[in-house]
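Enquirer: Have a look at this one.
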Amino acid sequence: MIAAVEGAAAGAGFSLALACDLIVASADARFSCAFVRLGLVPDQGSSFFLVRQLGLHRAKRLVFSGEFLGAREAASYGIVSDVWEPAVFESELANTVRVFSSGPTASYGLAKKILNRAFELDLASALETEALGQGLAVSTQDYANGVRTFREGGSRQGGPGFTGR
């Protein structure tokens with residue numbers, strides 16, 4: 001899932017964005033874990049996602065301050081993957097959605113499951129999980145298509161690293 005943020009994502013809106021696989025933002029977007037401004041604590045999963053994405057101390061800073069981060073600062077924190085100027089936001093978003101939706105979706109799903117467990121596993125368990133995932137991946141049409149494309153000398157148009165942009 002891709003969260004596309006224009007304007008403010010605060011409180012529960014920020015939490016929902018954090019639950020997505022990627023967050024892309026307009027250059028004028030702002031992000032805040034604003035719960036403390038109302039005398040509340042983080043909810044909607046933000047405590048879970050913030051600590052994993054930012055580390056404990058940076059997450060505490062955002063939660064305790066309730067401050068707003070601009071899109072570029074949020075990108076420097078690793079919260080936002082792409083920041084686009086408002087004039088090109090819609091076209092860049094459409095291109096990103098096209099690239100990912102035309103990519104190896106079965107592989108994306110397996111990789112997502114593996115990555116989402118990364119904080120739970122020790123190295124040996126992570127290697128075992130990867131091996132199990134790879135065993136499933138080689139049985140998919142995505143793998144067959146990727147091998148065929150590779151043998152034909154082409155590159156796989158499966159993600160941002162392969163688009164030639």
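Going by the structure tokens order, chains are called A, B, ..., each with residues numbered from 1, while ligands are numbered from 1 in the order shown.
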Find the residues around region 1-4 of chain A up to 6 Å (only C-alpha atoms counted), leave out those fewer than 5 positions away in its own chain, and share them as number ranges by chain.

Expert: A: 17, 20-25

Enquirer: Those residues you just picked out, can you put them in a file as a compact mmCIF listing (two decimals), in the first residue's frame with C-alpha atoms?

Expert:
# COMPACT_ATOMS: atom_id res chain seq x y z
CA ALA A 17 0.20 6.54 6.64
CA CYS A 20 1.46 1.63 4.61
CA ASP A 21 4.40 0.08 2.78
CA LEU A 22 5.52 3.40 1.31
CA ILE A 23 4.71 7.02 2.00
CA VAL A 24 5.06 9.52 -0.82
CA ALA A 25 4.43 13.19 -0.22

Enquirer: Please provide the set of residues having any atom within 7 Å of Val83 (chain A), restricted to only C-alpha atoms, with same-chain residues fewer than 2 positions apart removed, written as a list in words.

Expert: Val24, Ala25, Ser26, Ala27, Ala71, Arg72 and Glu85 of chain A

Enquirer: Hey, can you spit out that residue selection with C-alpha atoms as a compact mmCIF listing (two decimals), in the first residue's frame?

Expert:
# COMPACT_ATOMS: atom_id res chain seq x y z
CA VAL A 24 5.06 9.52 -0.82
CA ALA A 25 4.43 13.19 -0.22
CA SER A 26 3.87 16.50 -1.86
CA ALA A 27 6.63 18.96 -0.93
CA ALA A 71 7.92 16.46 3.84
CA ARG A 72 11.66 16.77 3.20
CA GLU A 85 6.61 19.23 -6.01

Enquirer: Applying 10 Å and only C-alpha atoms, which residues near region 128-133 of chain A remain after dropping the ones on its own chain fewer than 4 positions away? List them as a list in words.

Expert: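 Residues meeting the cut-off are Ser107, Gly109, Leu110, Ala111, Lys113, Ile114, Leu115, Arg117, Ala118, Leu121, Leu123, Ala124, Ala137 and Val138 of chain A.
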
Enquirer: Can you list, as a ChimeraX atom specification, every residue of region 1-162 of chain A that DSSP puts in helix (DSSP H, G or I)?

Expert: /A:12-18,34-38,46-54,56-65,71-76,86-101,105-116,123-137,141-151,160-162

Enquirer: Can you list, as a list in words, every protein, DNA or RNA residue that comes within 10 Å of region 57-65 of chain A when you count only C-alpha atoms, leaving out same-chain residues fewer than 4 positions away?

Expert: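 Within the cut-off, the hits are Gly11, Phe31, Ser32, Cys33, Ala34, Phe35, Val36, Arg37, Val41, Pro42, Ser46, Ser47, Phe48, Phe49, Leu50, Val51, Arg52, Gln53, Leu69 and Tyr77 of chain A.
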
Enquirer: Pull the strand (DSSP E or B) assignments for region 20-165 of chain A out of DSSP run on the backbone, and list those residues as an MDAnalysis selection string.

Expert: chainID A and resid 22:26 30:32 69:70 82:84

Enquirer: Keeping C-alpha atoms for every residue in the selection just given, could you write it to a file as a PDB file, in the first residue's frame?

Expert:
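The result, stored in selection01.pdb:
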ATOM      1  CA  LEU A  22       5.523   3.402   1.308  1.00  0.00           C
ATOM      2  CA  ILE A  23       4.713   7.023   2.003  1.00  0.00           C
ATOM      3  CA  VAL A  24       5.062   9.524  -0.823  1.00  0.00           C
ATOM      4  CA  ALA A  25       4.425  13.187  -0.219  1.00  0.00           C
ATOM      5  CA  SER A  26       3.873  16.496  -1.861  1.00  0.00           C
ATOM      6  CA  ARG A  30       3.392  17.913   6.938  1.00  0.00           C
ATOM      7  CA  PHE A  31       3.432  15.062   9.458  1.00  0.00           C
ATOM      8  CA  SER A  32       2.755  15.052  13.199  1.00  0.00           C
ATOM      9  CA  LEU A  69       7.778  17.637  10.190  1.00  0.00           C
ATOM     10  CA  GLY A  70       7.875  18.979   6.664  1.00  0.00           C
ATOM     11  CA  ASP A  82       9.622  10.242  -2.221  1.00  0.00           C
ATOM     12  CA  VAL A  83       8.852  13.960  -2.134  1.00  0.00           C
ATOM     13  CA  TRP A  84       7.496  15.646  -5.254  1.00  0.00           C
TER      14      TRP A  84
END

Enquirer: Calculate how many Å separate CA of Phe14 (chain A) from CA of Leu56 (chain A), rounding to one decimal.

Expert: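 One can read the CA of Phe14 (chain A) to CA of Leu56 (chain A) distance as 17.4 Å.
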